$ cat model-v6.tsv   # TSV, C-alpha atoms
chain	number	residue	atom	x	y	z
V	1	MET	CA	-11.00	-2.57	8.10
V	2	GLY	CA	-12.27	0.91	7.17
V	3	ASP	CA	-13.82	1.40	10.61
V	4	LEU	CA	-10.61	0.30	12.29
V	5	ALA	CA	-8.56	2.73	10.19
V	6	GLU	CA	-11.01	5.50	11.09
V	7	MET	CA	-10.68	4.61	14.78
V	8	VAL	CA	-6.87	4.72	14.57
V	9	ARG	CA	-7.01	8.13	12.88
V	10	VAL	CA	-9.30	9.41	15.64
V	11	LEU	CA	-6.92	7.99	18.26
V	12	LEU	CA	-3.99	9.70	16.51
V	13	ILE	CA	-5.72	13.07	16.57
V	14	VAL	CA	-6.66	12.54	20.24
V	15	TRP	CA	-3.00	11.77	20.98
V	16	LEU	CA	-1.79	14.82	19.05
V	17	SER	CA	-4.33	17.00	20.90
V	18	GLY	CA	-3.17	15.48	24.20
V	19	LEU	CA	0.44	16.28	23.36
V	20	ALA	CA	-0.46	19.84	22.36
V	21	LEU	CA	-2.45	20.19	25.60
V	22	CYS	CA	0.53	18.98	27.65
V	23	VAL	CA	2.77	21.58	25.99
V	24	LEU	CA	0.14	24.31	26.54
V	25	ILE	CA	-0.27	23.41	30.23
V	26	ALA	CA	3.51	23.33	30.67
V	27	ILE	CA	3.73	26.82	29.13
V	28	LEU	CA	0.90	28.15	31.33
V	29	ARG	CA	2.45	26.63	34.47
V	30	ARG	CA	5.82	28.11	33.41
V	31	ARG	CA	7.53	24.72	33.26
V	32	ILE	CA	8.34	25.75	29.66
V	33	SER	CA	9.72	29.25	29.85
V	34	LEU	CA	8.86	31.83	27.18
V	35	GLU	CA	11.21	34.35	28.76
V	36	GLY	CA	13.20	36.25	26.17
V	37	LEU	CA	11.08	35.05	23.24
V	38	PHE	CA	11.09	38.49	21.61
V	39	ALA	CA	14.58	39.53	22.70
V	40	SER	CA	17.95	38.70	21.18
V	41	LYS	CA	20.46	36.80	23.27
V	42	ASN	CA	22.72	39.57	24.49
V	43	ALA	CA	20.65	42.74	24.17
V	44	GLY	CA	17.79	41.70	26.46
V	45	ARG	CA	15.35	44.16	24.89
V	46	MET	CA	12.51	43.47	22.49
V	47	ASP	CA	13.51	43.24	18.81
V	48	PRO	CA	10.94	44.43	16.24
V	49	GLU	CA	11.83	41.75	13.68
V	50	ARG	CA	11.01	39.04	16.24
V	51	VAL	CA	7.57	40.52	16.77
V	52	ALA	CA	7.16	40.69	12.96
V	53	VAL	CA	8.04	37.02	12.48
V	54	PHE	CA	5.73	35.98	15.31
V	55	VAL	CA	2.80	37.94	13.89
V	56	SER	CA	3.46	36.72	10.33
V	57	ALA	CA	3.63	33.10	11.53
V	58	VAL	CA	0.39	33.38	13.50
V	59	VAL	CA	-1.39	35.07	10.56
V	60	ALA	CA	-0.06	32.52	8.02
V	61	ILE	CA	-0.85	29.39	9.97
V	62	GLY	CA	-4.10	30.79	11.41
V	63	GLY	CA	-5.26	31.91	7.96
V	64	TYR	CA	-4.52	28.50	6.50
V	65	ALA	CA	-6.31	26.70	9.34
V	66	LEU	CA	-9.38	28.95	8.88
V	67	GLN	CA	-9.34	28.26	5.13
V	68	ILE	CA	-9.30	24.50	5.75
V	69	MET	CA	-12.08	24.72	8.32
V	70	ALA	CA	-14.22	26.68	5.86
V	71	ASP	CA	-13.54	24.68	2.67
V	72	GLY	CA	-12.27	21.28	3.80
V	73	ALA	CA	-10.23	19.01	1.56
V	74	VAL	CA	-10.01	19.52	-2.22
V	75	CYS	CA	-11.31	16.37	-3.96
V	76	ASN	CA	-11.99	15.36	-7.56
V	77	GLU	CA	-15.53	14.49	-8.69
V	78	ASP	CA	-15.50	10.78	-7.85
V	79	MET	CA	-13.69	11.47	-4.53
V	80	SER	CA	-10.88	9.08	-5.54
V	81	TYR	CA	-8.21	11.71	-4.91
V	82	CYS	CA	-8.23	14.31	-2.14
V	83	SER	CA	-5.66	16.87	-1.18
V	84	MET	CA	-5.11	19.56	1.41
V	85	PRO	CA	-5.94	22.97	-0.13
V	86	ASP	CA	-3.09	25.14	-1.40
V	87	VAL	CA	-1.74	27.84	0.88
V	88	PRO	CA	-2.54	31.26	-0.65
V	89	ASP	CA	0.60	32.83	-2.12
V	90	THR	CA	0.06	35.98	-0.06
V	91	LEU	CA	0.42	34.02	3.16
V	92	LEU	CA	3.58	32.33	1.89
V	93	TYR	CA	5.11	35.68	0.92
V	94	LEU	CA	4.13	37.11	4.30
V	95	LEU	CA	5.77	34.25	6.15
V	96	ALA	CA	8.88	34.36	3.96
V	97	ALA	CA	9.18	38.12	4.52
V	98	GLY	CA	8.77	37.74	8.29
V	99	ASN	CA	11.34	34.96	8.53
V	100	GLY	CA	13.68	36.79	6.15
V	101	SER	CA	13.59	39.89	8.34
V	102	TYR	CA	14.24	37.72	11.41
V	103	ILE	CA	17.32	36.09	9.85
V	104	ALA	CA	18.55	39.44	8.49
V	105	GLY	CA	18.10	40.99	11.94
V	106	LYS	CA	20.08	38.17	13.53
V	107	ILE	CA	22.95	38.53	11.04
V	108	VAL	CA	23.07	42.32	11.35
V	109	ARG	CA	23.00	42.22	15.15
V	110	LYS	CA	25.77	39.64	15.22
V	111	TYR	CA	27.89	41.77	12.88
V	112	VAL	CA	27.17	44.92	14.88
V	113	ARG	CA	28.19	43.17	18.12
V	114	LYS	CA	31.36	41.92	16.46
V	115	VAL	CA	32.52	45.34	15.29
V	116	GLY	CA	31.52	46.84	18.63
V	117	LEU	CA	28.84	49.26	17.50
V	118	HIS	CA	25.87	50.00	19.75
V	119	VAL	CA	22.49	50.05	17.95
X	1	MET	CA	25.61	-14.45	40.97
X	2	SER	CA	25.60	-17.63	38.92
X	3	ASN	CA	22.21	-18.60	40.45
X	4	GLN	CA	20.78	-15.26	39.35
X	5	GLY	CA	22.20	-15.87	35.88
X	6	ASN	CA	20.57	-19.30	35.80
X	7	ARG	CA	17.23	-17.86	36.95
X	8	MET	CA	17.34	-15.24	34.18
X	9	SER	CA	18.04	-17.86	31.55
X	10	SER	CA	15.18	-20.08	32.80
X	11	ARG	CA	12.86	-17.05	32.54
X	12	GLU	CA	13.98	-16.50	28.99
X	13	ILE	CA	13.36	-20.16	28.15
X	14	GLY	CA	9.91	-19.92	29.76
X	15	PHE	CA	9.11	-16.79	27.73
X	16	ILE	CA	10.17	-18.49	24.49
X	17	LEU	CA	8.06	-21.56	25.32
X	18	VAL	CA	4.98	-19.45	26.12
X	19	PHE	CA	5.49	-17.53	22.89
X	20	LEU	CA	5.78	-20.74	20.86
X	21	VAL	CA	2.66	-22.19	22.53
X	22	LEU	CA	0.77	-18.98	21.70
X	23	VAL	CA	1.89	-19.06	18.05
X	24	VAL	CA	1.08	-22.76	17.62
X	25	GLY	CA	-2.21	-22.41	19.52
X	26	SER	CA	-3.39	-19.43	17.50
X	27	SER	CA	-2.39	-21.20	14.24
X	28	LEU	CA	-4.39	-24.31	15.27
X	29	LEU	CA	-7.37	-22.12	16.18
X	30	ALA	CA	-7.09	-20.32	12.82
X	31	ILE	CA	-7.08	-23.68	10.95
X	32	ARG	CA	-9.93	-25.03	13.13
X	33	PHE	CA	-12.20	-22.03	12.46
X	34	GLY	CA	-11.20	-21.61	8.80
X	35	VAL	CA	-9.65	-18.16	9.14
X	36	VAL	CA	-8.78	-16.66	5.72
X	37	ALA	CA	-5.91	-14.32	4.79
X	38	LYS	CA	-8.16	-11.25	4.98
X	39	ASP	CA	-9.03	-12.04	8.61
X	40	ILE	CA	-5.35	-12.47	9.42
X	41	ALA	CA	-4.69	-9.04	7.88
X	42	VAL	CA	-7.39	-7.52	10.09
X	43	ILE	CA	-6.00	-9.24	13.19
X	44	GLY	CA	-2.50	-8.04	12.26
X	45	PHE	CA	-3.76	-4.49	11.72
X	46	VAL	CA	-5.50	-4.51	15.10
X	47	SER	CA	-2.39	-5.90	16.83
X	48	VAL	CA	-0.03	-3.36	15.24
X	49	SER	CA	-2.50	-0.54	15.95
X	50	LEU	CA	-2.80	-1.60	19.59
X	51	ILE	CA	0.99	-1.66	19.98
X	52	LEU	CA	1.35	1.79	18.36
X	53	VAL	CA	-1.47	3.23	20.49
X	54	ALA	CA	0.18	1.72	23.59
X	55	PHE	CA	3.49	3.37	22.62
X	56	ALA	CA	1.75	6.71	22.07
X	57	ALA	CA	-0.17	6.41	25.35
X	58	ALA	CA	3.04	5.52	27.24
X	59	VAL	CA	4.83	8.59	25.84
X	60	LEU	CA	1.88	10.85	26.69
X	61	TRP	CA	1.59	9.37	30.19
X	62	GLN	CA	5.30	9.89	30.88
X	63	ILE	CA	4.99	13.50	29.69
X	64	VAL	CA	1.98	14.04	31.99
X	65	ASN	CA	3.66	12.58	35.09
X	66	GLY	CA	6.93	14.40	34.40
X	67	SER	CA	9.16	11.43	33.51
X	68	ILE	CA	9.74	13.07	30.11
X	69	PRO	CA	10.46	16.72	30.97
X	70	LEU	CA	9.31	19.43	28.55
X	71	VAL	CA	11.41	22.08	30.28
X	72	GLY	CA	13.86	22.79	27.45
X	73	LEU	CA	11.44	22.22	24.58
X	74	ILE	CA	11.70	25.72	23.14
X	75	SER	CA	14.78	26.98	24.95
X	76	GLU	CA	18.16	27.76	23.50
X	77	PRO	CA	20.93	25.59	24.93
X	78	GLY	CA	22.17	27.27	28.13
X	79	ASP	CA	25.12	26.29	30.30
X	80	GLY	CA	23.73	22.77	30.70
X	81	SER	CA	22.29	23.20	34.21
X	82	LYS	CA	18.60	22.61	34.83
X	83	GLN	CA	18.15	26.09	36.29
X	84	ASN	CA	19.79	27.92	33.41
X	85	LEU	CA	18.41	26.59	30.14
X	86	GLY	CA	18.90	29.71	28.10
X	87	LYS	CA	16.24	32.02	26.69
X	88	ALA	CA	13.22	30.89	24.71
X	89	SER	CA	13.84	30.43	20.99
X	90	LEU	CA	11.35	32.05	18.62
X	91	SER	CA	12.29	29.75	15.72
X	92	ARG	CA	11.77	26.64	17.87
X	93	PHE	CA	8.42	28.01	19.04
X	94	GLN	CA	7.34	28.75	15.47
X	95	PHE	CA	8.42	25.30	14.29
X	96	LEU	CA	6.50	23.67	17.17
X	97	ILE	CA	3.28	25.53	16.35
X	98	PHE	CA	3.56	24.80	12.61
X	99	THR	CA	4.15	21.10	13.23
X	100	PHE	CA	1.15	20.80	15.54
X	101	VAL	CA	-1.20	22.77	13.29
X	102	VAL	CA	-0.24	21.10	9.99
X	103	ALA	CA	-0.24	17.60	11.53
X	104	GLY	CA	-3.60	18.28	13.20
X	105	LEU	CA	-5.17	19.63	9.99
X	106	PHE	CA	-3.79	16.70	7.99
X	107	LEU	CA	-5.31	14.18	10.42
X	108	MET	CA	-8.64	16.03	10.48
X	109	LEU	CA	-8.83	15.99	6.67
X	110	CYS	CA	-7.90	12.28	6.67
X	111	ILE	CA	-10.83	11.59	9.00
X	112	GLU	CA	-13.16	13.78	6.93
X	113	THR	CA	-12.32	12.14	3.59
X	114	GLY	CA	-11.79	8.60	4.93
X	115	GLY	CA	-8.33	8.18	3.37
X	116	PHE	CA	-4.92	9.77	3.16
X	117	VAL	CA	-4.98	13.22	1.61
X	118	ASP	CA	-2.19	14.57	-0.57
X	119	ILE	CA	0.00	17.39	0.80
X	120	PRO	CA	0.52	20.13	-1.81
X	121	ASN	CA	3.98	21.54	-2.43
X	122	ASN	CA	3.28	24.96	-0.99
X	123	VAL	CA	2.23	23.43	2.35
X	124	LEU	CA	5.60	21.71	2.38
X	125	GLY	CA	7.03	25.12	1.46
X	126	LEU	CA	5.30	26.60	4.52
X	127	LEU	CA	6.96	24.01	6.76
X	128	GLY	CA	10.21	24.44	4.83
X	129	ILE	CA	10.30	28.20	5.46
X	130	SER	CA	9.76	27.59	9.16
X	131	GLY	CA	12.31	24.74	9.35
X	132	GLY	CA	14.82	26.57	7.15
X	133	SER	CA	14.54	29.68	9.28
X	134	PHE	CA	15.17	27.52	12.37
X	135	VAL	CA	18.30	25.95	10.86
X	136	ILE	CA	19.70	29.26	9.54
X	137	SER	CA	19.06	31.03	12.84
X	138	LYS	CA	20.95	28.24	14.67
X	139	ALA	CA	23.82	28.54	12.19
X	140	VAL	CA	23.93	32.33	12.62
X	141	GLY	CA	23.68	32.00	16.41
X	142	LEU	CA	26.70	29.70	16.64
X	143	PRO	CA	29.82	31.23	18.17
X	144	SER	CA	32.47	32.33	15.69
X	145	GLY	CA	34.96	29.69	14.52
X	146	LYS	CA	38.63	29.29	15.40
X	147	LYS	CA	39.70	31.59	12.58
X	148	ASP	CA	37.72	34.48	14.07
X	149	GLU	CA	39.04	33.69	17.56
X	150	ASP	CA	42.61	33.75	16.27
X	151	GLN	CA	41.92	37.07	14.54
X	152	ASP	CA	40.45	38.50	17.77
X	153	ASN	CA	43.47	37.30	19.77
X	154	ALA	CA	45.82	38.85	17.22
X	155	ASP	CA	43.93	42.16	17.41
X	156	GLU	CA	44.11	42.11	21.23
X	157	GLY	CA	47.83	41.36	21.03
X	158	LYS	CA	48.39	44.41	18.82
X	159	GLN	CA	46.54	46.64	21.29
$ encode --input "model-v6.tsv" --output "structure tokens"
Amino acid sequence: MGDLAEMVRVLLIVWLSGLALCVLIAILRRRISLEGLFASKNAGRMDPERVAVFVSAVVAIGGYALQIMADGAVCNEDMSYCSMPDVPDTLLYLLAAGNGSYIAGKIVRKYVRKVGLHV
Amino acid sequence: MSNQGNRMSSREIGFILVFLVLVVGSSLLAIRFGVVAKDIAVIGFVSVSLILVAFAAAVLWQIVNGSIPLVGLISEPGDGSKQNLGKASLSRFQFLIFTFVVAGLFLMLCIETGGFVDIPNNVLGLLGISGGSFVISKAVGLPSGKKDEDQDNADEGKQ
């Protein structure tokens, strides 16, 4: 039963990788458009807070993935309980700050558009 | 029309009969070879796994051959036409990457340790920040409600 479970887990990760590969190929072949990723809907120019959230997300998730690759799972002595390692608080704060600035930027831009100011 | 209906019902009866024969046959084989409950659990696990893997493979195959389009995966809703899907959404893109990475790391650790690993709260927090940001950005991006429209109309009327 253990071997079967292992095989299913391997198949699941192969499937997930296949799905990720499909999305990547679709992005590279421009079937999934990334046009306007860093621009707000009506302005059409690049917004700094969007770049900030993108960078913070890549750093947070990349940093966590590197940490897992280096250390692996956190287990107790008899290996009866294992857990994913904790995300460092710094990365969480970074991500929260990036996403907070993104949301704040969206709200401010919407308000500015509503009152008719040009920023 | 009625003939076609009769043919369909005879197919259904045939399917039920084949299914019953399979169930009875496999039960007789199990009794004949002295299969125990543990073996039945293994056979059940293999059957369920095969069905799930077949589902997963079917979904992946339909994505590869284009039957399931990925065109609007990270786009904002546009005017509904295929050509104009709206611009790419950063929050959707971020959510997509986080889901893939965390799910992939979770599966890798499961393979490494040979069992399910626990997910700590701050990893859920990581996904929560991303998901929450997605939801809030959608809420902020919605057009103003009727109250605002009425106010705008009133302002225009005054001018």
$ closest_residue --input "model-v6.tsv" --among "X:Ser67, X:Val117, X:Ser49, X:Ile13" --to "Leu4 (chain V)" --atoms "all atoms listed in the file"
X:Ser49
$ interface_residues --input "model-v6.tsv" --of "chain X" --to "chain V" --cutoff "9 Å" --atoms "all atoms listed in the file" --output "number ranges by chain"
X: 42, 45-46, 49, 53, 56-57, 60, 63-64, 69-75, 86-91, 93-94, 97-98, 100-123, 125-126, 129-130, 133, 136-137, 140-141
$ atom_distance --input "model-v6.tsv" --atom1 "CA of Leu50 (chain X)" --atom2 "CA of Val23 (chain X)"
18.1 Å
$ atom_distance --input "model-v6.tsv" --atom1 "CA of Leu29 (chain X)" --atom2 "CA of Ile16 (chain X)"
19.7 Å
$ atom_distance --input "model-v6.tsv" --atom1 "CA of Tyr111 (chain V)" --atom2 "CA of Leu142 (chain X)"
12.7 Å
